[in-house]
file final-v6.txt (compact mmCIF, C-alpha atoms)
# COMPACT_ATOMS: atom_id res chain seq x y z
CA MET A 293 167.90 39.88 49.78
CA THR A 294 165.92 42.24 47.58
CA THR A 295 164.91 40.71 44.31
CA LYS A 296 164.40 42.50 41.03
CA ARG A 297 160.73 41.59 41.20
CA GLN A 298 160.32 43.23 44.60
CA LEU A 299 161.93 46.44 43.40
CA ILE A 300 159.77 46.49 40.30
CA SER A 301 156.63 46.00 42.40
CA ALA A 302 157.63 48.92 44.66
CA ALA A 303 158.40 51.07 41.61
CA LEU A 304 155.05 50.21 40.07
CA VAL A 305 153.23 51.29 43.22
CA LEU A 306 155.25 54.53 43.18
CA VAL A 307 154.41 55.18 39.52
CA GLY A 308 150.74 54.47 40.24
CA GLY A 309 150.86 56.86 43.20
CA LEU A 310 152.45 59.58 41.06
CA ALA A 311 149.79 59.11 38.40
CA ALA A 312 147.12 59.46 41.09
CA MET A 313 148.82 62.63 42.39
CA ASN A 314 148.83 64.09 38.88
CA LEU A 315 145.14 63.34 38.48
CA THR A 316 144.46 64.92 41.87
CA VAL A 317 146.37 68.09 40.98
CA ALA A 318 144.59 68.24 37.60
CA ALA A 319 141.23 67.96 39.40
CA LEU A 320 142.16 70.54 42.04
CA THR A 321 143.29 73.07 39.42
CA ARG A 322 140.47 72.60 36.91
CA ASN A 323 139.03 75.90 38.12
CA SER A 324 142.33 77.75 38.44
CA VAL A 325 142.21 81.45 37.56
CA PRO A 326 143.63 81.09 34.00
CA ARG A 327 141.11 78.34 33.27
CA ARG A 328 138.30 80.51 34.59
CA VAL A 329 139.42 83.35 32.32
CA MET A 330 139.56 80.91 29.39
CA ARG A 331 136.06 79.71 30.22
CA HIS A 332 134.87 83.31 30.37
CA ALA A 333 136.33 83.81 26.88
CA ARG A 334 134.52 80.71 25.60
CA GLU A 335 131.25 81.89 27.09
CA SER A 336 131.59 85.42 25.67
CA GLN A 337 131.87 84.69 21.97
CA GLU A 338 129.59 87.56 21.02
CA ALA A 339 131.58 90.16 22.93
CA THR A 340 132.58 93.16 20.84
CA VAL A 341 135.13 94.62 23.28
CA VAL A 342 137.90 92.63 24.94
CA ALA A 343 139.93 93.96 27.88
CA LEU A 344 143.41 92.52 28.32
CA GLY A 345 146.15 93.08 30.86
CA ASN A 346 147.36 91.98 34.25
CA SER A 347 145.68 92.20 37.66
CA LEU A 348 145.20 95.96 37.26
CA VAL A 349 142.77 95.22 34.44
CA ALA A 350 141.36 92.11 36.13
CA SER A 351 140.40 94.15 39.18
CA GLY A 352 139.86 97.54 37.55
CA PHE A 353 137.68 96.87 34.53
CA ARG A 354 133.97 96.33 35.17
CA GLU A 355 132.24 94.93 32.12
CA SER A 356 128.72 96.03 33.02
CA VAL A 357 129.78 99.59 33.91
CA PHE A 358 131.76 99.91 30.68
CA ASP A 359 128.79 98.54 28.72
CA SER A 360 126.46 101.10 30.29
CA ALA A 361 128.88 103.92 29.53
CA THR A 362 129.15 102.88 25.89
CA ASP A 363 125.53 101.78 25.36
CA LEU A 364 126.65 98.24 24.63
CA ARG A 365 124.55 95.37 25.89
CA ALA A 366 125.56 91.91 27.02
CA PRO A 367 126.28 89.52 25.43
CA ARG A 368 127.59 91.93 22.78
CA GLY A 369 129.29 94.07 25.38
CA ALA A 370 132.76 93.91 26.91
CA VAL A 371 134.60 90.89 28.26
CA ASN A 372 137.38 91.23 30.81
CA LEU A 373 140.22 88.77 30.11
CA GLY A 374 142.63 90.47 32.49
CA LEU A 375 144.78 87.95 34.34
CA GLY A 376 146.63 88.63 37.58
CA ALA A 377 150.39 88.08 37.72
CA SER A 378 150.57 87.78 33.95
CA THR A 379 152.94 89.22 31.36
CA PRO A 380 152.22 90.29 27.77
CA VAL A 381 152.94 86.70 26.71
CA GLU A 382 149.97 85.32 28.63
CA GLN A 383 147.85 88.29 27.54
CA LEU A 384 148.71 87.54 23.91
CA LEU A 385 147.86 83.87 24.41
CA LEU A 386 144.50 84.82 25.90
CA LEU A 387 143.69 87.09 22.96
CA ARG A 388 144.57 84.32 20.52
CA TYR A 389 142.57 81.85 22.58
CA ALA A 390 139.51 84.14 22.51
CA LEU A 391 139.81 84.59 18.74
CA ALA A 392 140.27 80.85 18.25
CA GLN A 393 137.07 80.24 20.23
CA GLY A 394 135.14 82.31 17.72
CA MET A 395 135.11 85.66 19.50
CA ARG A 396 135.16 88.52 17.00
CA PRO A 397 135.70 91.66 19.06
CA GLN A 398 136.04 95.03 17.37
CA LEU A 399 138.03 96.76 20.09
CA ALA A 400 140.83 95.54 22.36
CA ILE A 401 141.53 97.52 25.52
CA TYR A 402 145.02 96.84 26.81
CA GLY A 403 145.86 98.19 30.25
CA PHE A 404 149.53 98.47 31.19
CA PHE A 405 151.61 99.22 34.26
CA ASP A 406 155.00 100.95 34.39
CA PHE A 407 157.43 99.39 31.88
CA GLN A 408 155.27 96.43 30.90
CA LEU A 409 155.26 97.32 27.20
CA THR A 410 159.01 97.32 26.74
CA GLU A 411 160.30 94.85 29.31
CA PRO A 412 162.21 92.03 27.63
CA GLY A 413 160.66 88.63 28.27
CA LYS A 414 163.55 86.92 30.03
CA VAL A 415 162.24 84.37 32.48
CA SER A 416 163.26 81.20 34.26
CA ILE A 417 161.21 78.10 34.93
CA GLY A 418 160.85 79.26 38.53
CA ASP A 419 158.86 82.28 37.31
CA MET A 420 156.37 80.15 35.42
CA ILE A 421 154.12 79.29 38.31
CA GLY A 422 150.70 80.45 39.37
CA ASN A 423 148.72 82.06 36.56
CA ARG A 424 151.73 81.84 34.28
CA ALA A 425 151.26 78.06 34.35
CA MET A 426 148.98 78.66 31.37
CA ASP A 427 152.17 78.94 29.29
CA TYR A 428 152.34 75.16 29.64
CA TYR A 429 148.88 74.47 28.30
CA ILE A 430 147.87 77.23 25.86
CA GLU A 431 149.95 77.05 22.69
CA PRO A 432 153.21 76.29 24.54
CA SER A 433 155.37 76.17 21.40
CA TYR A 434 153.96 79.46 20.10
CA GLY A 435 154.26 81.18 23.47
CA ARG A 436 157.88 80.04 23.84
CA ARG A 437 158.87 82.35 20.98
CA PHE A 438 158.24 85.40 23.14
CA TYR A 439 160.34 84.70 26.19
CA SER A 440 163.87 83.48 26.35
CA LEU A 441 164.77 80.52 28.55
CA SER A 442 168.24 79.17 29.21
CA ALA A 443 169.06 75.84 27.51
CA HIS A 444 168.55 74.05 30.82
CA ASP A 445 165.20 75.73 31.43
CA ALA A 446 164.06 75.02 27.87
CA VAL A 447 164.62 71.29 28.40
CA GLU A 448 162.91 71.49 31.78
CA PHE A 449 159.96 73.31 30.21
CA ARG A 450 159.39 70.47 27.75
CA ALA A 451 159.74 67.85 30.44
CA LEU A 452 157.37 69.54 32.91
CA GLN A 453 154.73 70.40 30.36
CA ALA A 454 153.10 66.98 30.41
CA PHE A 455 152.66 66.74 34.16
CA PRO A 456 149.98 68.76 35.97
CA MET A 457 151.92 68.21 39.21
CA PHE A 458 154.72 70.37 37.83
CA ALA A 459 152.87 72.70 35.49
CA ASP A 460 150.29 73.68 38.10
CA ARG A 461 152.53 73.37 41.13
CA GLY A 462 152.09 77.06 41.97
CA ALA A 463 148.36 76.60 42.56
CA ILE A 464 149.05 73.89 45.15
CA TRP A 465 151.87 75.86 46.75
CA ALA A 466 149.59 78.89 46.97
CA LYS A 467 147.07 76.85 48.96
CA VAL A 468 149.83 75.79 51.35
CA GLU A 469 151.00 79.40 51.57
CA ILE A 470 147.47 80.56 52.42
CA LEU A 471 147.31 77.92 55.15
CA ARG A 472 150.74 79.00 56.42
CA ARG A 473 149.68 82.65 56.49
CA THR A 474 146.43 81.80 58.26
CA MET A 475 148.32 79.87 60.92
CA GLY A 476 150.94 82.62 61.21
CA GLN A 477 148.18 85.15 61.77
CA GLN A 478 146.80 83.42 64.85
CA GLY A 479 146.61 85.91 67.68
CA LEU A 480 147.88 88.81 65.57
CA PRO A 481 145.99 91.81 64.19
CA ALA A 482 144.51 90.94 60.80
CA GLU A 483 146.62 91.98 57.82
CA ARG A 484 144.88 93.83 55.02
CA SER A 485 144.46 91.58 52.02
CA ASN A 486 142.34 91.21 48.90
CA GLN A 487 141.67 88.66 46.20
CA PHE A 488 145.26 88.87 44.92
CA GLY A 489 147.20 88.65 48.15
CA ARG A 490 148.46 90.76 51.07
CA ALA A 491 147.91 94.44 50.31
CA ALA A 492 151.33 95.48 51.63
CA ASP A 493 153.15 92.99 49.38
CA PHE A 494 152.21 94.87 46.23
CA THR A 495 154.60 97.71 46.99
CA LEU A 496 157.28 95.14 46.14
CA LEU A 497 156.18 95.40 42.51
CA GLU A 498 156.95 99.11 42.43
CA ALA A 499 160.41 100.61 42.05
CA LYS A 500 162.31 101.00 45.35
CA ASP A 501 162.66 104.75 44.99
CA GLU A 502 162.53 107.64 42.56
CA GLN A 503 166.14 107.18 41.55
CA GLU A 504 165.69 103.54 40.59
CA PHE A 505 162.59 104.42 38.61
CA ARG A 506 164.34 107.30 36.84
CA GLN A 507 167.19 104.97 35.92
CA LYS A 508 164.73 102.48 34.53
CA CYS A 509 163.07 105.24 32.49
CA GLU A 510 166.46 106.14 31.00
CA ASP A 511 167.32 102.51 30.27
CA SER A 512 163.93 101.89 28.68
CA LEU A 513 164.17 104.83 26.30
CA SER A 514 166.21 102.70 23.91
CA GLN A 515 164.00 99.63 24.29
CA PRO A 516 161.62 98.58 21.53
CA LEU A 517 158.19 97.18 22.36
CA SER A 518 158.61 93.69 23.76
CA PRO A 519 158.16 90.91 21.18
CA ALA A 520 154.94 89.74 22.88
CA VAL A 521 153.44 93.24 22.80
CA ARG A 522 154.38 93.64 19.14
CA GLU A 523 152.81 90.30 18.37
CA LEU A 524 149.68 91.17 20.35
CA LEU A 525 149.34 94.38 18.35
CA ARG A 526 149.91 92.51 15.11
CA VAL A 527 147.37 89.80 15.96
CA ALA A 528 144.83 92.41 17.02
CA SER A 529 145.40 94.52 13.89
CA GLU A 530 145.12 91.49 11.62
CA ALA A 531 141.88 90.50 13.30
CA GLY A 532 140.58 93.99 12.49
CA LEU A 533 140.51 95.21 16.08
CA ALA A 534 140.90 98.82 17.06
CA ILE A 535 143.24 98.99 20.06
CA ALA A 536 143.15 101.24 23.10
CA MET A 537 146.36 101.27 25.14
CA VAL A 538 145.52 102.40 28.62
CA GLU A 539 148.02 103.68 31.15
CA MET A 540 146.26 102.36 34.23
CA PRO A 541 145.24 104.53 37.21
CA MET A 542 147.80 104.81 39.98
CA ARG A 543 147.74 105.98 43.58
CA GLN A 544 148.94 109.42 44.49
CA ALA A 545 152.25 108.12 45.92
CA HIS A 546 153.04 106.26 42.69
CA ARG A 547 152.08 109.21 40.51
CA ARG A 548 154.02 111.76 42.52
CA THR A 549 157.12 109.65 43.04
CA PHE A 550 157.33 108.02 39.64
CA TYR A 551 155.00 109.40 36.98
CA ASP A 552 155.18 113.12 37.67
CA ASN A 553 158.73 113.43 36.50
CA ILE A 554 160.37 114.16 33.20
CA GLY A 555 161.86 110.66 32.87
CA TRP A 556 158.44 109.00 32.79
CA GLN A 557 157.07 111.61 30.43
CA GLU A 558 159.94 110.94 28.04
CA TYR A 559 159.38 107.21 28.34
CA VAL A 560 155.66 107.58 27.58
CA ALA A 561 156.50 109.77 24.57
CA HIS A 562 158.89 107.02 23.43
CA VAL A 563 156.20 104.35 23.83
CA ARG A 564 153.63 106.46 22.00
CA LYS A 565 156.05 106.82 19.10
CA LEU A 566 156.52 103.04 19.01
CA LEU A 567 152.76 102.53 19.07
CA ALA A 568 152.18 104.96 16.21
CA ALA A 569 152.75 102.14 13.73
CA TYR A 570 149.57 100.41 14.91
CA PRO A 571 145.88 101.39 14.99
CA VAL A 572 146.20 102.42 18.60
CA THR A 573 144.45 105.03 20.69
CA PHE A 574 146.53 105.94 23.73
CA VAL A 575 144.57 106.68 26.88
CA ASP A 576 146.40 108.14 29.87
CA ALA A 577 144.23 107.09 32.79
CA SER A 578 147.01 107.28 35.36
CA HIS A 579 145.53 110.41 36.99
CA TRP A 580 141.87 109.50 36.73
CA ILE A 581 141.43 108.21 40.26
CA LEU A 582 142.66 110.91 42.60
CA ASP A 583 141.31 109.51 45.85
CA ASP A 584 143.59 106.81 47.28
CA ALA A 585 140.64 105.40 49.21
CA GLU A 586 139.41 104.02 45.89
CA PHE A 587 142.40 101.69 45.75
CA ASP A 588 142.32 98.35 47.49
CA ASP A 589 146.09 98.17 47.87
CA PRO A 590 149.11 100.07 46.49
CA LEU A 591 148.25 99.03 42.93
CA HIS A 592 144.74 97.67 42.49
CA LEU A 593 141.51 99.60 42.24
CA GLY A 594 138.77 98.77 44.70
CA GLU A 595 135.12 98.39 43.78
CA LYS A 596 134.31 102.09 43.63
CA GLY A 597 137.53 103.02 41.83
CA ALA A 598 136.99 100.23 39.29
CA GLU A 599 133.50 101.49 38.54
CA GLU A 600 134.69 105.05 38.14
CA PHE A 601 137.56 103.98 35.90
CA SER A 602 135.35 101.75 33.71
CA ARG A 603 132.70 104.47 33.37
CA ARG A 604 135.25 107.09 32.39
CA LEU A 605 137.04 104.73 30.01
CA GLY A 606 133.70 103.96 28.35
CA GLY A 607 133.02 107.67 27.97
CA GLU A 608 136.51 108.26 26.60
CA LEU A 609 136.30 105.44 24.06
CA ARG A 610 132.70 106.04 23.09
CA THR A 611 133.66 108.50 20.38
CA GLU A 612 136.43 106.19 19.25
CA MET A 613 134.03 103.29 19.08
CA ALA A 614 131.58 105.26 16.95
CA THR A 615 134.07 104.99 14.09
CA VAL A 616 134.01 101.18 14.26
CA PRO A 617 130.93 100.00 12.32
CA ALA A 618 130.11 97.04 14.58
CA LEU A 619 130.34 99.22 17.67
CA ARG A 620 128.40 102.21 16.41
CA VAL A 621 125.97 102.89 19.16
CA THR A 622 123.63 105.35 17.50
CA SER A 623 122.89 103.52 14.29
CA HIS A 624 119.46 102.22 15.31
CA PRO A 625 117.19 104.86 16.79
CA GLY A 626 115.17 103.40 19.62
CA GLU A 627 117.66 100.60 20.08
CA SER A 628 120.34 102.54 21.82
CA GLY A 629 123.10 100.20 22.88
CA THR A 630 122.60 97.62 20.16
CA PRO A 631 125.42 97.97 17.69
CA MET B 165 147.62 50.78 74.30
CA THR B 166 147.28 53.94 76.37
CA GLY B 167 148.10 57.46 75.15
CA MET B 168 151.30 57.43 77.27
CA PHE B 169 152.71 54.53 75.28
CA ARG B 170 151.38 55.63 71.96
CA ILE B 171 153.89 58.44 71.42
CA PRO B 172 157.06 56.34 71.90
CA TYR B 173 155.48 53.66 69.73
CA LEU B 174 154.74 56.18 66.96
CA GLN B 175 158.26 57.50 67.32
CA ARG B 176 159.65 54.01 66.73
CA VAL B 177 157.34 53.54 63.75
CA MET B 178 158.59 56.78 62.22
CA GLU B 179 162.19 55.83 62.95
CA TYR B 180 161.65 52.49 61.26
CA LEU B 181 159.95 54.03 58.23
CA ALA B 182 162.69 56.60 57.87
CA GLY B 183 165.44 53.98 58.14
CA GLU B 184 166.79 55.05 61.51
CA ILE B 185 166.19 51.59 63.03
CA ASP B 186 166.14 48.26 61.23
CA ALA B 187 163.41 46.45 63.11
CA PRO B 188 159.80 47.59 63.34
CA PRO B 189 158.29 48.04 66.79
CA GLU B 190 156.41 45.05 68.09
CA GLY B 191 152.97 44.78 66.55
CA PHE B 192 153.75 46.92 63.52
CA PRO B 193 152.17 45.00 60.65
CA VAL B 194 154.54 45.95 57.83
CA ALA B 195 157.81 44.16 57.26
CA LEU B 196 160.77 45.19 55.13
CA THR B 197 159.80 42.51 52.68
CA ASN B 198 156.48 44.21 51.85
CA PHE B 199 157.61 46.14 48.84
CA GLN B 200 154.16 47.41 47.86
CA PHE B 201 154.10 49.20 51.18
CA TRP B 202 157.49 50.78 50.52
CA GLY B 203 156.26 51.95 47.11
CA LEU B 204 153.34 53.59 48.87
CA TRP B 205 155.64 55.09 51.49
CA TRP B 206 157.80 56.67 48.79
CA CYS B 207 154.62 58.13 47.28
CA ILE B 208 153.76 59.72 50.60
CA LEU B 209 157.26 61.17 50.90
CA VAL B 210 157.15 62.53 47.34
CA GLY B 211 153.74 64.06 48.09
CA VAL B 212 154.92 65.76 51.28
CA ILE B 213 158.06 67.11 49.59
CA TYR B 214 155.98 68.29 46.63
CA ILE B 215 153.44 70.13 48.76
CA PHE B 216 156.01 71.95 50.86
CA SER B 217 158.65 72.57 48.20
CA GLY B 218 157.10 75.93 47.35
CA GLN B 219 158.09 77.47 50.64
CA SER B 220 161.14 79.13 49.13
CA SER B 221 158.99 81.00 46.60
CA LYS B 222 158.13 84.57 47.48
CA PHE B 223 154.42 84.85 46.87
CA ILE B 224 153.10 88.32 46.14
CA TYR B 225 150.06 87.13 44.22
CA ILE B 226 148.32 84.25 45.90
CA ASP B 227 145.22 84.00 43.74
CA PHE B 228 145.79 81.13 41.31
call {"tool": "encode", "arguments": {"input": "final-v6.txt", "output": "structure tokens"}}
result
Amino acid sequence: MTTKRQLISAALVLVGGLAAMNLTVAALTRNSVPRRVMRHARESQEATVVALGNSLVASGFRESVFDSATDLRAPRGAVNLGLGASTPVEQLLLLRYALAQGMRPQLAIYGFFDFQLTEPGKVSIGDMIGNRAMDYYIEPSYGRRFYSLSAHDAVEFRALQAFPMFADRGAIWAKVEILRRTMGQQGLPAERSNQFGRAADFTLLEAKDEQEFRQKCEDSLSQPLSPAVRELLRVASEAGLAIAMVEMPMRQAHRRTFYDNIGWQEYVAHVRKLLAAYPVTFVDASHWILDDAEFDDPLHLGEKGAEEFSRRLGGELRTEMATVPALRVTSHPGESGTP
Amino acid sequence: MTGMFRIPYLQRVMEYLAGEIDAPPEGFPVALTNFQFWGLWWCILVGVIYIFSGQSSKFIYIDF
């Protein structure tokens, strides 16, 4: 017959094992992408330009190229805090994190994709995996204000927060998924992929067709900026940052099907009106990269495209930056590039 | 023990560990009364379930 003592001893071993698993997951994810971006922020305290956004910015913004184009020099140049698979909430948290670490940038470049600026932040716990796991460990209570969770998910969020096994579960699952894909690929022609995932999968992030996109344009015309975007703009303004909102470069298919229609133009006009209340320069870079070969997949710029985009963005913002005292690039003759 | 006999033996071990049969195969060193072992076994099961429970997620981004 099982005694109480025996059950307790089994439970203790189980609890010990779970603690060990949590420590293992914490160790395995200590270099996860959000943590690497946070580290980059800590190591770039002197940066004067900060680039924020999702994977389009992470892959498309080249710090050194931008610095060359604007005559800035590291470490007082640009820092790319773009984070793949992130929403404005995580981008806001990263900006606040950078400021809290002592970074005092003068210009924030914010790259956006489609309806990112006005999409309401409704999420479920199931969405908060992968890079969005940072919602659990960077200012979780503050971040919670900008997305709505159901009552059940809110309780779950609090419960999961303390356990790396749950908070960072996506990083472990991704490793299993990579293994599964590798095994599934045995004997088959190699699929095109890049640092973010399978190239073909990224079409899933685009609208299904022109009609769906047009409908979304219409629906979004009455939407305000999302709370996280408003807060990001407020935080940036209060920190004295000039802000450049950049409509990121898109492939020809995306431009022709979605952006080159009246619905999108009306939506952009709507967004620009909403942004007028902030110290924002709007940069339409959607048509800057005309050659699809400069894209790595349906959404992300490849090496050459990223360089071209960063160079052109630097050139575009150079005049803008000349009005910001700390970024003035021509103030010291003979020291071009040192603000 | 030869390879031929190893597979049925392992099968019986797995059946015992999973509760399909009540008695361990001959020579299996762990008895039902070893509760530390069962604690460890539960840990292994939790770990396996944890690792593979993400299979229902549709991964577009895989770079975490």
call {"tool": "closest_residue", "arguments": {"input": "final-v6.txt", "among": "A:Gln507, A:Ala312, A:Val349, A:Met426", "to": "Ile208 (chain B)", "atoms": "all atoms listed in the file"}}
result
A:Ala312
call {"tool": "interface_residues", "arguments": {"input": "final-v6.txt", "of": "chain A", "to": "chain B", "cutoff": "7 Å", "atoms": "only C-alpha atoms", "output": "PyMOL selection string"}}
result
chain A and resi 298-299+301-303+305-306+309-310+324-325+377+422-423+463-466+487-489+493-494
call {"tool": "write_last_selection", "arguments": {"input": "final-v6.txt", "atoms": "C-alpha atoms", "output": "short mmCIF file (atom, residue, chain, number, x, y, z; two decimals), keeping the file's coordinate frame"}}
result
data_model
loop_
_atom_site.label_atom_id
_atom_site.label_comp_id
_atom_site.auth_asym_id
_atom_site.auth_seq_id
_atom_site.Cartn_x
_atom_site.Cartn_y
_atom_site.Cartn_z
CA GLN A 298 160.32 43.23 44.60
CA LEU A 299 161.93 46.44 43.40
CA SER A 301 156.63 46.00 42.40
CA ALA A 302 157.63 48.92 44.66
CA ALA A 303 158.40 51.07 41.61
CA VAL A 305 153.23 51.29 43.22
CA LEU A 306 155.25 54.53 43.18
CA GLY A 309 150.86 56.86 43.20
CA LEU A 310 152.45 59.58 41.06
CA SER A 324 142.33 77.75 38.44
CA VAL A 325 142.21 81.45 37.56
CA ALA A 377 150.39 88.08 37.72
CA GLY A 422 150.70 80.45 39.37
CA ASN A 423 148.72 82.06 36.56
CA ALA A 463 148.36 76.60 42.56
CA ILE A 464 149.05 73.89 45.15
CA TRP A 465 151.87 75.86 46.75
CA ALA A 466 149.59 78.89 46.97
CA GLN A 487 141.67 88.66 46.20
CA PHE A 488 145.26 88.87 44.92
CA GLY A 489 147.20 88.65 48.15
CA ASP A 493 153.15 92.99 49.38
CA PHE A 494 152.21 94.87 46.23
#
call {"tool": "residues_near_point", "arguments": {"input": "final-v6.txt", "point": "(143.2, 103.3, 18.5)", "cutoff": "8 Å", "atoms": "all atoms listed in the file", "output": "PyMOL selection string"}}
result
chain A and resi 534-537+570-574+612
call {"tool": "write_last_selection", "arguments": {"input": "final-v6.txt", "atoms": "C-alpha atoms", "output": "tab-separated table (two decimals), in the frame of the given file"}}
result
chain	number	residue	atom	x	y	z
A	534	ALA	CA	140.90	98.82	17.06
A	535	ILE	CA	143.24	98.99	20.06
A	536	ALA	CA	143.15	101.24	23.10
A	537	MET	CA	146.36	101.27	25.14
A	570	TYR	CA	149.57	100.41	14.91
A	571	PRO	CA	145.88	101.39	14.99
A	572	VAL	CA	146.20	102.42	18.60
A	573	THR	CA	144.45	105.03	20.69
A	574	PHE	CA	146.53	105.94	23.73
A	612	GLU	CA	136.43	106.19	19.25
call {"tool": "atom_distance", "arguments": {"input": "final-v6.txt", "atom1": "CA of Ile185 (chain B)", "atom2": "CA of Leu304 (chain A)"}}
result
25.6 Å
call {"tool": "atom_distance", "arguments": {"input": "final-v6.txt", "atom1": "CA of Asn553 (chain A)", "atom2": "CA of Ile401 (chain A)"}}
result
25.9 Å
call {"tool": "closest_residue", "arguments": {"input": "final-v6.txt", "among": "A:Ala390, A:Met313, A:Leu593, A:Val341", "to": "Val527 (chain A)", "atoms": "all atoms listed in the file"}}
result
A:Ala390
call {"tool": "atom_distance", "arguments": {"input": "final-v6.txt", "atom1": "CA of Val381 (chain A)", "atom2": "CA of Phe438 (chain A)"}}
result
6.5 Å
call {"tool": "residues_around", "arguments": {"input": "final-v6.txt", "residues": "Phe455 (chain A)", "least_positions_apart": "2", "cutoff": "12 Å", "atoms": "all atoms listed in the file", "output": "list in words"}}
result
Leu310, Ala311, Ala312, Met313, Asn314, Leu315, Thr316, Val317, Ala318, Ala425, Tyr428, Tyr429, Glu448, Phe449, Arg450, Ala451, Leu452, Gln453, Met457, Phe458, Ala459, Asp460 and Arg461 of chain A
call {"tool": "residues_around", "arguments": {"input": "final-v6.txt", "residues": "Val177 (chain B)", "least_positions_apart": "2", "cutoff": "8 Å", "atoms": "all atoms listed in the file", "output": "list of chain:residue names"}}
result
B:Tyr173, B:Leu174, B:Gln175, B:Glu179, B:Tyr180, B:Leu181, B:Pro188, B:Pro189, B:Phe192
call {"tool": "residues_around", "arguments": {"input": "final-v6.txt", "residues": "Asp359 (chain A)", "least_positions_apart": "3", "cutoff": "9 Å", "atoms": "all atoms listed in the file", "output": "PyMOL selection string"}}
result
chain A and resi 354-356+362-366+368-370+602-603+606+629
call {"tool": "write_last_selection", "arguments": {"input": "final-v6.txt", "atoms": "C-alpha atoms", "output": "short mmCIF file (atom, residue, chain, number, x, y, z; two decimals), in the frame of the given file"}}
result
data_model
loop_
_atom_site.label_atom_id
_atom_site.label_comp_id
_atom_site.auth_asym_id
_atom_site.auth_seq_id
_atom_site.Cartn_x
_atom_site.Cartn_y
_atom_site.Cartn_z
CA ARG A 354 133.97 96.33 35.17
CA GLU A 355 132.24 94.93 32.12
CA SER A 356 128.72 96.03 33.02
CA THR A 362 129.15 102.88 25.89
CA ASP A 363 125.53 101.78 25.36
CA LEU A 364 126.65 98.24 24.63
CA ARG A 365 124.55 95.37 25.89
CA ALA A 366 125.56 91.91 27.02
CA ARG A 368 127.59 91.93 22.78
CA GLY A 369 129.29 94.07 25.38
CA ALA A 370 132.76 93.91 26.91
CA SER A 602 135.35 101.75 33.71
CA ARG A 603 132.70 104.47 33.37
CA GLY A 606 133.70 103.96 28.35
CA GLY A 629 123.10 100.20 22.88
#
call {"tool": "residues_near_point", "arguments": {"input": "final-v6.txt", "point": "(166.2, 102.8, 34.4)", "cutoff": "12 Å", "atoms": "all atoms listed in the file", "output": "PyMOL selection string"}}
result
chain A and resi 406-407+410-411+499-515+550+555-556+559
call {"tool": "residues_around", "arguments": {"input": "final-v6.txt", "residues": "Gly352 (chain A)", "least_positions_apart": "2", "cutoff": "12 Å", "atoms": "all atoms listed in the file", "output": "mmCIF file with C-alpha atoms, in the coordinates of the input"}}
result
data_model
loop_
_atom_site.group_PDB
_atom_site.id
_atom_site.type_symbol
_atom_site.label_atom_id
_atom_site.label_comp_id
_atom_site.auth_asym_id
_atom_site.auth_seq_id
_atom_site.Cartn_x
_atom_site.Cartn_y
_atom_site.Cartn_z
ATOM 1 C CA ALA A 343 139.930 93.960 27.880
ATOM 2 C CA LEU A 344 143.410 92.520 28.320
ATOM 3 C CA GLY A 345 146.150 93.080 30.860
ATOM 4 C CA ASN A 346 147.360 91.980 34.250
ATOM 5 C CA SER A 347 145.680 92.200 37.660
ATOM 6 C CA LEU A 348 145.200 95.960 37.260
ATOM 7 C CA VAL A 349 142.770 95.220 34.440
ATOM 8 C CA ALA A 350 141.360 92.110 36.130
ATOM 9 C CA ARG A 354 133.970 96.330 35.170
ATOM 10 C CA GLU A 355 132.240 94.930 32.120
ATOM 11 C CA VAL A 357 129.780 99.590 33.910
ATOM 12 C CA PHE A 358 131.760 99.910 30.680
ATOM 13 C CA ASN A 372 137.380 91.230 30.810
ATOM 14 C CA LEU A 373 140.220 88.770 30.110
ATOM 15 C CA GLY A 374 142.630 90.470 32.490
ATOM 16 C CA LEU A 375 144.780 87.950 34.340
ATOM 17 C CA GLY A 376 146.630 88.630 37.580
ATOM 18 C CA TYR A 402 145.020 96.840 26.810
ATOM 19 C CA GLY A 403 145.860 98.190 30.250
ATOM 20 C CA PHE A 404 149.530 98.470 31.190
ATOM 21 C CA VAL A 538 145.520 102.400 28.620
ATOM 22 C CA MET A 540 146.260 102.360 34.230
ATOM 23 C CA PRO A 541 145.240 104.530 37.210
ATOM 24 C CA MET A 542 147.800 104.810 39.980
ATOM 25 C CA ALA A 577 144.230 107.090 32.790
ATOM 26 C CA ILE A 581 141.430 108.210 40.260
ATOM 27 C CA GLU A 586 139.410 104.020 45.890
ATOM 28 C CA PHE A 587 142.400 101.690 45.750
ATOM 29 C CA ASP A 588 142.320 98.350 47.490
ATOM 30 C CA LEU A 591 148.250 99.030 42.930
ATOM 31 C CA HIS A 592 144.740 97.670 42.490
ATOM 32 C CA LEU A 593 141.510 99.600 42.240
ATOM 33 C CA GLY A 594 138.770 98.770 44.700
ATOM 34 C CA GLU A 595 135.120 98.390 43.780
ATOM 35 C CA LYS A 596 134.310 102.090 43.630
ATOM 36 C CA GLY A 597 137.530 103.020 41.830
ATOM 37 C CA ALA A 598 136.990 100.230 39.290
ATOM 38 C CA GLU A 599 133.500 101.490 38.540
ATOM 39 C CA GLU A 600 134.690 105.050 38.140
ATOM 40 C CA PHE A 601 137.560 103.980 35.900
ATOM 41 C CA SER A 602 135.350 101.750 33.710
ATOM 42 C CA ARG A 603 132.700 104.470 33.370
ATOM 43 C CA ARG A 604 135.250 107.090 32.390
ATOM 44 C CA LEU A 605 137.040 104.730 30.010
#
